[in-house]
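Here's the structure, in structure tokens; my notes come after.
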Amino acid sequence: MKKLLQLVLVLALVGAMQAQDSRPKPVVKVYRVNFNIYELEDGKKTNERNYSLPVNSMDGIGRSGSIRVGTRVPISSGKDQILYLDVGMNMECEISEQSDKFILTSSLEISSFVLPDQNADSRTGGNPVIRQVKQHFTALLSPGKPTLVTSIDDTASKKRLQVEATVTRVE
Amino acid sequence: MAEHDKHDQPLEEMLDSMLSNYSDEQPRPGLETRVLATLRAEASQKPEHAPFWRWLWSSAATLALVAIALAVYIGRLQPPPAPPAVGAMKPPPEAAPGVPRIHRRPRTAGDRESEKPERSLAMAARQEVFPAPVPLTDQERLLLRYLANTAAEEVVAQSHSDGPAPEDGRPLPPQVQEFKITEAVSTR
């Protein structure tokens, strides 16, 4: 009886291993995403930054890629606690395919100090004041074609922020 | 031949007599007076129509001449384009303190390619800071005044975290990470 049980267990293990081997390997696709972020004033481009990152998808499901550029600012939030603020540019994105186009889903956050020299300026009282733009968007893009995905007017000036994205598949 | 002449003689006589009467016919008296009167009447009627067309044409010609003269005059008034001052090139003025300078690199063939209409977003100027600094708004001035005149504990007590992310979109990654002071580790 004991030997029979052992035999059944061995057969079950062998069957499971065979089933594992027979599973199709996951299809991984790699894409390159380029973001061009522009500042415009009175319709003219006055400033720009470019970011590029590879992201991938597995079996058609996008996997997130991210970029974080900037400064981590420590600020006191109580008696024994300290917070770290990310000031700069944080971005996350993922790509999936739809027929011959790409679906880009992305979160973008751009922040900056109100006072450039905020540490030396006594007006802050030790607490930095931050300007921030956050956006979350989904866009359908043609392969390799730069596309304007968002355009945001500043509420306190004549400036406009535009984000252009280009997605190419890496073979 | 002689018989033939005999037959034609009465006819010829009759024709001669009729023609002699016709040639003696005189115009009715007063023909010259009537012709002259008709001419005078026509001459007196012509001046009524002639001035209208004459004035129309002369007015149009005058207007055209005035228009040409004005065009020439205005064309002379505009100064000719100044020649390029090759030797008078000056370096760009220094930017004011606190204002980032715009760095422009020389144009290349790639830049000219990118300026084609198909490329809607051509290369823009790249400043040192992104986003470029902008003056304080009234709200920011008020906030800074509040921060400068308020104790840190009071600011902490009044502050609160951001609200929840919208349900329709994926929440943004957390911007703030909390560390206890005893465990704080700089990642830079």
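A note on labels: chains of the structure tokens are A, B, ... as shown, every chain counts residues from 1, and ligands are counted from 1 in their shown order.
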Non-local contacts of Val170 in chain A (8 Å; only C-alpha atoms; under 5 positions in same chain excluded) as a list in words: Lys29, Val30, Tyr31 and Arg32 of chain A
Would you save the residues from that selection as a CSV table (one decimal), in the first residue's frame, using C-alpha atoms?
```csv
chain,number,residue,atom,x,y,z
A,29,LYS,CA,7.7,42.5,-26.3
A,30,VAL,CA,9.9,45.4,-25.6
A,31,TYR,CA,9.1,49.0,-26.6
A,32,ARG,CA,11.0,52.3,-26.4
```
Using only C-alpha atoms: which of B:Leu63, B:Ala125, B:Leu36, B:Leu143 has the shortest distance to Glu41 in chain A: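 Of the candidates, the smallest distance to Glu41 in chain A is held by B:Ala125.
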Could you pull out the residues in chain A that DSSP calls strand (DSSP E or B) from the backbone, as a short mmCIF file (atom, residue, chain, number, x, y, z; two decimals) with N, CA and C atoms, in the first residue's frame?
```
data_model
loop_
_atom_site.label_atom_id
_atom_site.label_comp_id
_atom_site.auth_asym_id
_atom_site.auth_seq_id
_atom_site.Cartn_x
_atom_site.Cartn_y
_atom_site.Cartn_z
N VAL A 28 7.17 38.09 -24.66
CA VAL A 28 7.62 39.37 -24.11
C VAL A 28 7.97 40.30 -25.27
N LYS A 29 7.38 41.47 -25.25
CA LYS A 29 7.69 42.48 -26.27
C LYS A 29 8.27 43.70 -25.57
N VAL A 30 9.24 44.28 -26.20
CA VAL A 30 9.92 45.45 -25.62
C VAL A 30 9.66 46.67 -26.50
N TYR A 31 9.38 47.76 -25.86
CA TYR A 31 9.10 49.02 -26.57
C TYR A 31 10.01 50.11 -26.02
N ARG A 32 10.25 51.09 -26.86
CA ARG A 32 10.96 52.29 -26.39
C ARG A 32 9.97 53.45 -26.44
N VAL A 33 9.89 54.14 -25.32
CA VAL A 33 8.98 55.28 -25.22
C VAL A 33 9.79 56.55 -25.05
N ASN A 34 9.57 57.50 -25.92
CA ASN A 34 10.22 58.81 -25.83
C ASN A 34 9.17 59.85 -25.44
N PHE A 35 9.50 60.61 -24.43
CA PHE A 35 8.64 61.73 -24.02
C PHE A 35 9.39 63.03 -24.28
N ASN A 36 8.79 63.93 -25.02
CA ASN A 36 9.30 65.29 -25.15
C ASN A 36 8.32 66.20 -24.44
N ILE A 37 8.82 66.89 -23.44
CA ILE A 37 7.95 67.78 -22.65
C ILE A 37 8.37 69.22 -22.94
N TYR A 38 7.39 70.01 -23.36
CA TYR A 38 7.67 71.38 -23.79
C TYR A 38 6.96 72.38 -22.90
N GLU A 39 7.61 73.50 -22.72
CA GLU A 39 6.95 74.68 -22.16
C GLU A 39 6.76 75.68 -23.29
N LEU A 40 5.58 76.23 -23.39
CA LEU A 40 5.30 77.23 -24.42
C LEU A 40 4.81 78.50 -23.76
N GLU A 41 5.18 79.61 -24.36
CA GLU A 41 4.69 80.90 -23.89
C GLU A 41 4.27 81.70 -25.12
N LYS A 44 4.96 80.01 -28.39
CA LYS A 44 6.32 79.66 -28.80
C LYS A 44 6.96 78.76 -27.75
N LYS A 45 7.69 77.77 -28.26
CA LYS A 45 8.35 76.86 -27.33
C LYS A 45 9.54 77.57 -26.68
N THR A 46 9.57 77.54 -25.37
CA THR A 46 10.63 78.25 -24.66
C THR A 46 11.51 77.31 -23.85
N ASN A 47 11.10 76.09 -23.66
CA ASN A 47 11.88 75.18 -22.82
C ASN A 47 11.46 73.75 -23.14
N GLU A 48 12.38 72.82 -22.95
CA GLU A 48 12.02 71.43 -23.24
C GLU A 48 12.89 70.47 -22.46
N ARG A 49 12.37 69.29 -22.26
CA ARG A 49 13.13 68.18 -21.70
C ARG A 49 12.71 66.92 -22.44
N ASN A 50 13.64 65.99 -22.56
CA ASN A 50 13.38 64.73 -23.26
C ASN A 50 13.69 63.56 -22.33
N TYR A 51 12.82 62.59 -22.34
CA TYR A 51 13.03 61.39 -21.53
C TYR A 51 12.72 60.17 -22.40
N SER A 52 13.52 59.14 -22.21
CA SER A 52 13.36 57.93 -23.00
C SER A 52 13.53 56.73 -22.08
N LEU A 53 12.66 55.76 -22.22
CA LEU A 53 12.79 54.58 -21.37
C LEU A 53 12.23 53.35 -22.11
N PRO A 54 12.80 52.19 -21.82
CA PRO A 54 12.22 50.97 -22.39
C PRO A 54 11.17 50.39 -21.45
N VAL A 55 10.10 49.91 -22.01
CA VAL A 55 9.09 49.19 -21.22
C VAL A 55 8.74 47.91 -21.98
N ASN A 56 8.14 46.97 -21.28
CA ASN A 56 7.83 45.72 -21.96
C ASN A 56 6.40 45.28 -21.63
N SER A 57 5.95 44.34 -22.39
CA SER A 57 4.66 43.71 -22.11
C SER A 57 4.86 42.20 -22.16
N MET A 58 4.07 41.51 -21.36
CA MET A 58 4.17 40.06 -21.34
C MET A 58 2.80 39.49 -21.68
N ILE A 61 0.09 42.01 -21.99
CA ILE A 61 -0.24 42.84 -20.82
C ILE A 61 0.95 43.75 -20.52
N GLY A 62 0.68 45.06 -20.52
CA GLY A 62 1.76 46.02 -20.32
C GLY A 62 2.32 45.96 -18.92
N ARG A 63 3.63 46.13 -18.84
CA ARG A 63 4.31 46.19 -17.53
C ARG A 63 4.91 47.58 -17.40
N GLY A 65 6.99 50.87 -16.63
CA GLY A 65 8.34 51.39 -16.52
C GLY A 65 8.26 52.78 -15.91
N SER A 66 9.32 53.21 -15.29
CA SER A 66 9.24 54.50 -14.62
C SER A 66 10.56 55.26 -14.66
N ILE A 67 10.46 56.56 -14.52
CA ILE A 67 11.63 57.45 -14.42
C ILE A 67 11.35 58.42 -13.29
N ARG A 68 12.34 58.62 -12.46
CA ARG A 68 12.23 59.64 -11.42
C ARG A 68 13.48 60.50 -11.47
N VAL A 69 13.30 61.76 -11.70
CA VAL A 69 14.43 62.69 -11.81
C VAL A 69 14.14 63.86 -10.88
N GLY A 70 15.11 64.22 -10.05
CA GLY A 70 14.89 65.41 -9.23
C GLY A 70 15.57 65.32 -7.88
N THR A 71 14.95 65.91 -6.91
CA THR A 71 15.55 66.04 -5.58
C THR A 71 14.58 65.47 -4.54
N ARG A 72 15.14 64.76 -3.57
CA ARG A 72 14.31 64.30 -2.45
C ARG A 72 14.55 65.28 -1.31
N VAL A 73 13.50 65.94 -0.95
CA VAL A 73 13.63 67.03 0.03
C VAL A 73 13.10 66.55 1.37
N PRO A 74 13.96 66.55 2.41
CA PRO A 74 13.47 66.14 3.73
C PRO A 74 12.72 67.29 4.40
N ILE A 75 11.55 67.00 4.91
CA ILE A 75 10.82 68.01 5.66
C ILE A 75 10.27 67.36 6.92
N SER A 76 10.22 68.13 7.96
CA SER A 76 9.72 67.63 9.23
C SER A 76 8.20 67.67 9.23
N GLN A 81 9.09 62.61 13.16
CA GLN A 81 8.91 62.08 11.80
C GLN A 81 9.50 63.03 10.78
N ILE A 82 10.00 62.46 9.73
CA ILE A 82 10.52 63.26 8.63
C ILE A 82 9.96 62.71 7.32
N LEU A 83 9.59 63.60 6.45
CA LEU A 83 9.06 63.20 5.14
C LEU A 83 10.07 63.53 4.06
N TYR A 84 10.04 62.73 3.03
CA TYR A 84 10.87 63.03 1.86
C TYR A 84 9.97 63.34 0.68
N LEU A 85 10.12 64.53 0.20
CA LEU A 85 9.34 64.95 -0.97
C LEU A 85 10.18 64.74 -2.22
N ASP A 86 9.59 64.15 -3.23
CA ASP A 86 10.27 64.06 -4.53
C ASP A 86 9.92 65.31 -5.34
N VAL A 87 10.90 66.13 -5.59
CA VAL A 87 10.67 67.34 -6.38
C VAL A 87 11.43 67.20 -7.69
N GLY A 88 10.72 67.29 -8.79
CA GLY A 88 11.35 67.10 -10.11
C GLY A 88 10.34 66.48 -11.05
N MET A 89 10.72 65.38 -11.68
CA MET A 89 9.83 64.75 -12.65
C MET A 89 9.69 63.27 -12.33
N ASN A 90 8.49 62.83 -12.08
CA ASN A 90 8.19 61.41 -11.87
C ASN A 90 7.28 60.93 -12.99
N MET A 91 7.64 59.82 -13.55
CA MET A 91 6.84 59.34 -14.68
C MET A 91 6.72 57.82 -14.62
N GLU A 92 5.55 57.35 -14.92
CA GLU A 92 5.33 55.91 -15.07
C GLU A 92 4.55 55.69 -16.35
N CYS A 93 4.85 54.61 -17.05
CA CYS A 93 4.07 54.34 -18.26
C CYS A 93 4.08 52.85 -18.57
N GLU A 94 3.09 52.42 -19.29
CA GLU A 94 3.04 51.05 -19.78
C GLU A 94 2.41 51.03 -21.17
N ILE A 95 2.77 50.00 -21.92
CA ILE A 95 2.35 49.92 -23.32
C ILE A 95 1.64 48.59 -23.55
N SER A 96 0.55 48.68 -24.28
CA SER A 96 -0.09 47.46 -24.79
C SER A 96 -0.44 47.72 -26.26
N GLU A 97 -0.74 46.66 -26.96
CA GLU A 97 -0.98 46.81 -28.41
C GLU A 97 -2.46 46.64 -28.71
N GLN A 98 -2.90 47.39 -29.71
CA GLN A 98 -4.27 47.23 -30.22
C GLN A 98 -4.18 47.29 -31.74
N LYS A 101 -1.63 49.56 -33.53
CA LYS A 101 -1.29 50.76 -32.76
C LYS A 101 -0.93 50.39 -31.32
N PHE A 102 -0.38 51.38 -30.62
CA PHE A 102 0.02 51.17 -29.23
C PHE A 102 -0.89 51.98 -28.31
N ILE A 103 -1.23 51.37 -27.19
CA ILE A 103 -1.97 52.10 -26.16
C ILE A 103 -0.97 52.48 -25.08
N LEU A 104 -0.79 53.77 -24.91
CA LEU A 104 0.13 54.29 -23.90
C LEU A 104 -0.69 54.78 -22.71
N THR A 105 -0.42 54.19 -21.56
CA THR A 105 -1.05 54.65 -20.32
C THR A 105 0.06 55.18 -19.43
N SER A 106 -0.10 56.42 -19.00
CA SER A 106 1.03 57.04 -18.31
C SER A 106 0.56 57.98 -17.22
N SER A 107 1.39 58.08 -16.20
CA SER A 107 1.19 59.07 -15.14
C SER A 107 2.42 59.97 -15.13
N LEU A 108 2.19 61.25 -15.05
CA LEU A 108 3.28 62.21 -15.13
C LEU A 108 3.09 63.24 -14.04
N GLU A 109 4.16 63.52 -13.34
CA GLU A 109 4.09 64.51 -12.26
C GLU A 109 5.34 65.38 -12.35
N ILE A 110 5.15 66.68 -12.52
CA ILE A 110 6.27 67.62 -12.62
C ILE A 110 6.11 68.64 -11.50
N SER A 111 7.13 68.76 -10.68
CA SER A 111 7.05 69.70 -9.57
C SER A 111 8.33 70.53 -9.50
N SER A 112 8.21 71.70 -8.92
CA SER A 112 9.37 72.61 -8.80
C SER A 112 9.15 73.50 -7.58
N PHE A 113 10.26 74.05 -7.09
CA PHE A 113 10.16 74.95 -5.95
C PHE A 113 9.63 76.31 -6.41
N ILE A 130 5.86 74.13 -3.12
CA ILE A 130 6.09 73.40 -4.38
C ILE A 130 4.98 73.71 -5.37
N ARG A 131 5.40 73.94 -6.60
CA ARG A 131 4.42 73.98 -7.71
C ARG A 131 4.36 72.58 -8.33
N GLN A 132 3.19 72.20 -8.79
CA GLN A 132 3.06 70.82 -9.24
C GLN A 132 2.06 70.69 -10.39
N VAL A 133 2.39 69.83 -11.32
CA VAL A 133 1.44 69.44 -12.38
C VAL A 133 1.37 67.92 -12.37
N LYS A 134 0.16 67.39 -12.24
CA LYS A 134 -0.02 65.94 -12.27
C LYS A 134 -0.96 65.60 -13.40
N GLN A 135 -0.67 64.54 -14.08
CA GLN A 135 -1.60 64.10 -15.12
C GLN A 135 -1.52 62.59 -15.28
N HIS A 136 -2.65 62.06 -15.60
CA HIS A 136 -2.74 60.62 -15.89
C HIS A 136 -3.51 60.51 -17.20
N PHE A 137 -2.95 59.82 -18.17
CA PHE A 137 -3.61 59.81 -19.47
C PHE A 137 -3.42 58.46 -20.17
N THR A 138 -4.30 58.23 -21.10
CA THR A 138 -4.21 57.06 -21.98
C THR A 138 -4.34 57.56 -23.41
N ALA A 139 -3.45 57.14 -24.27
CA ALA A 139 -3.46 57.63 -25.65
C ALA A 139 -3.17 56.49 -26.61
N LEU A 140 -3.75 56.60 -27.79
CA LEU A 140 -3.53 55.61 -28.84
C LEU A 140 -2.53 56.19 -29.83
N LEU A 141 -1.40 55.50 -30.01
CA LEU A 141 -0.32 56.06 -30.81
C LEU A 141 0.02 55.14 -31.98
N THR A 147 3.45 62.09 -31.23
CA THR A 147 2.05 62.50 -31.07
C THR A 147 1.92 63.37 -29.83
N LEU A 148 1.23 64.47 -29.99
CA LEU A 148 0.96 65.35 -28.85
C LEU A 148 -0.14 64.71 -28.02
N VAL A 149 0.19 64.33 -26.79
CA VAL A 149 -0.78 63.59 -25.97
C VAL A 149 -1.48 64.48 -24.95
N THR A 150 -0.78 65.47 -24.41
CA THR A 150 -1.47 66.37 -23.47
C THR A 150 -1.00 67.80 -23.69
N SER A 151 -1.87 68.73 -23.37
CA SER A 151 -1.56 70.15 -23.45
C SER A 151 -2.26 70.82 -22.27
N ILE A 152 -1.46 71.46 -21.40
CA ILE A 152 -2.01 71.98 -20.14
C ILE A 152 -1.63 73.45 -20.01
N ASP A 153 -2.63 74.30 -19.85
CA ASP A 153 -2.36 75.72 -19.60
C ASP A 153 -2.10 75.94 -18.12
N LYS A 159 1.87 80.41 -19.58
CA LYS A 159 2.61 79.23 -20.03
C LYS A 159 1.68 78.06 -20.32
N ARG A 160 2.18 77.19 -21.16
CA ARG A 160 1.46 75.97 -21.50
C ARG A 160 2.46 74.81 -21.50
N LEU A 161 2.03 73.70 -20.95
CA LEU A 161 2.87 72.51 -20.91
C LEU A 161 2.32 71.49 -21.91
N GLN A 162 3.18 71.00 -22.76
CA GLN A 162 2.75 70.00 -23.75
C GLN A 162 3.63 68.77 -23.64
N VAL A 163 3.01 67.63 -23.79
CA VAL A 163 3.74 66.36 -23.75
C VAL A 163 3.56 65.65 -25.08
N GLU A 164 4.67 65.32 -25.69
CA GLU A 164 4.67 64.59 -26.96
C GLU A 164 5.29 63.22 -26.71
N ALA A 165 4.65 62.20 -27.20
CA ALA A 165 5.13 60.83 -26.95
C ALA A 165 5.35 60.10 -28.27
N THR A 166 6.38 59.27 -28.27
CA THR A 166 6.66 58.42 -29.43
C THR A 166 6.95 57.02 -28.92
N VAL A 167 6.30 56.04 -29.50
CA VAL A 167 6.51 54.65 -29.08
C VAL A 167 7.00 53.85 -30.29
N THR A 168 8.09 53.14 -30.08
CA THR A 168 8.59 52.25 -31.13
C THR A 168 8.82 50.87 -30.52
N ARG A 169 8.62 49.88 -31.32
CA ARG A 169 8.83 48.52 -30.83
C ARG A 169 10.28 48.13 -31.08
N VAL A 170 10.91 47.57 -30.05
CA VAL A 170 12.30 47.13 -30.16
C VAL A 170 12.29 45.69 -30.59
#
```
Backbone-only DSSP, alpha helix (DSSP H) members of chain A, as a list in words: Lys2, Lys3, Leu4, Leu5, Gln6, Leu7, Val8, Leu9, Val10, Leu11, Ala12, Leu13, Val14, Gly15, Ala16, Met17, Gln18, Ala19, Gln20, Asp21 and Ser22 of chain A
Keeping only C-alpha atoms, write those residues as an mmCIF file, in the first residue's frame.
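Listed below is the output, result.cif:
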```
data_model
loop_
_atom_site.group_PDB
_atom_site.id
_atom_site.type_symbol
_atom_site.label_atom_id
_atom_site.label_comp_id
_atom_site.auth_asym_id
_atom_site.auth_seq_id
_atom_site.Cartn_x
_atom_site.Cartn_y
_atom_site.Cartn_z
ATOM 1 C CA LYS A 2 2.847 2.358 0.906
ATOM 2 C CA LYS A 3 4.669 1.572 -2.308
ATOM 3 C CA LEU A 4 1.527 2.181 -4.263
ATOM 4 C CA LEU A 5 1.144 5.615 -2.704
ATOM 5 C CA GLN A 6 4.773 6.433 -3.509
ATOM 6 C CA LEU A 7 4.215 5.354 -7.101
ATOM 7 C CA VAL A 8 1.117 7.538 -7.393
ATOM 8 C CA LEU A 9 3.023 10.529 -5.980
ATOM 9 C CA VAL A 10 5.912 10.044 -8.404
ATOM 10 C CA LEU A 11 3.549 9.773 -11.331
ATOM 11 C CA ALA A 12 1.719 12.889 -10.223
ATOM 12 C CA LEU A 13 4.993 14.823 -9.954
ATOM 13 C CA VAL A 14 6.140 13.667 -13.380
ATOM 14 C CA GLY A 15 2.777 14.653 -14.845
ATOM 15 C CA ALA A 16 2.949 18.072 -13.251
ATOM 16 C CA MET A 17 6.468 18.652 -14.592
ATOM 17 C CA GLN A 18 5.417 17.611 -18.057
ATOM 18 C CA ALA A 19 2.438 19.931 -17.882
ATOM 19 C CA GLN A 20 4.748 22.761 -16.808
ATOM 20 C CA ASP A 21 7.087 22.139 -19.721
ATOM 21 C CA SER A 22 4.241 21.986 -22.195
#
```
Computed interatomic separation between CA of Pro133 in chain B and CA of Leu115 in chain A (Å):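 Computed distance, CA of Pro133 in chain B to CA of Leu115 in chain A, equals 8.4 Å.
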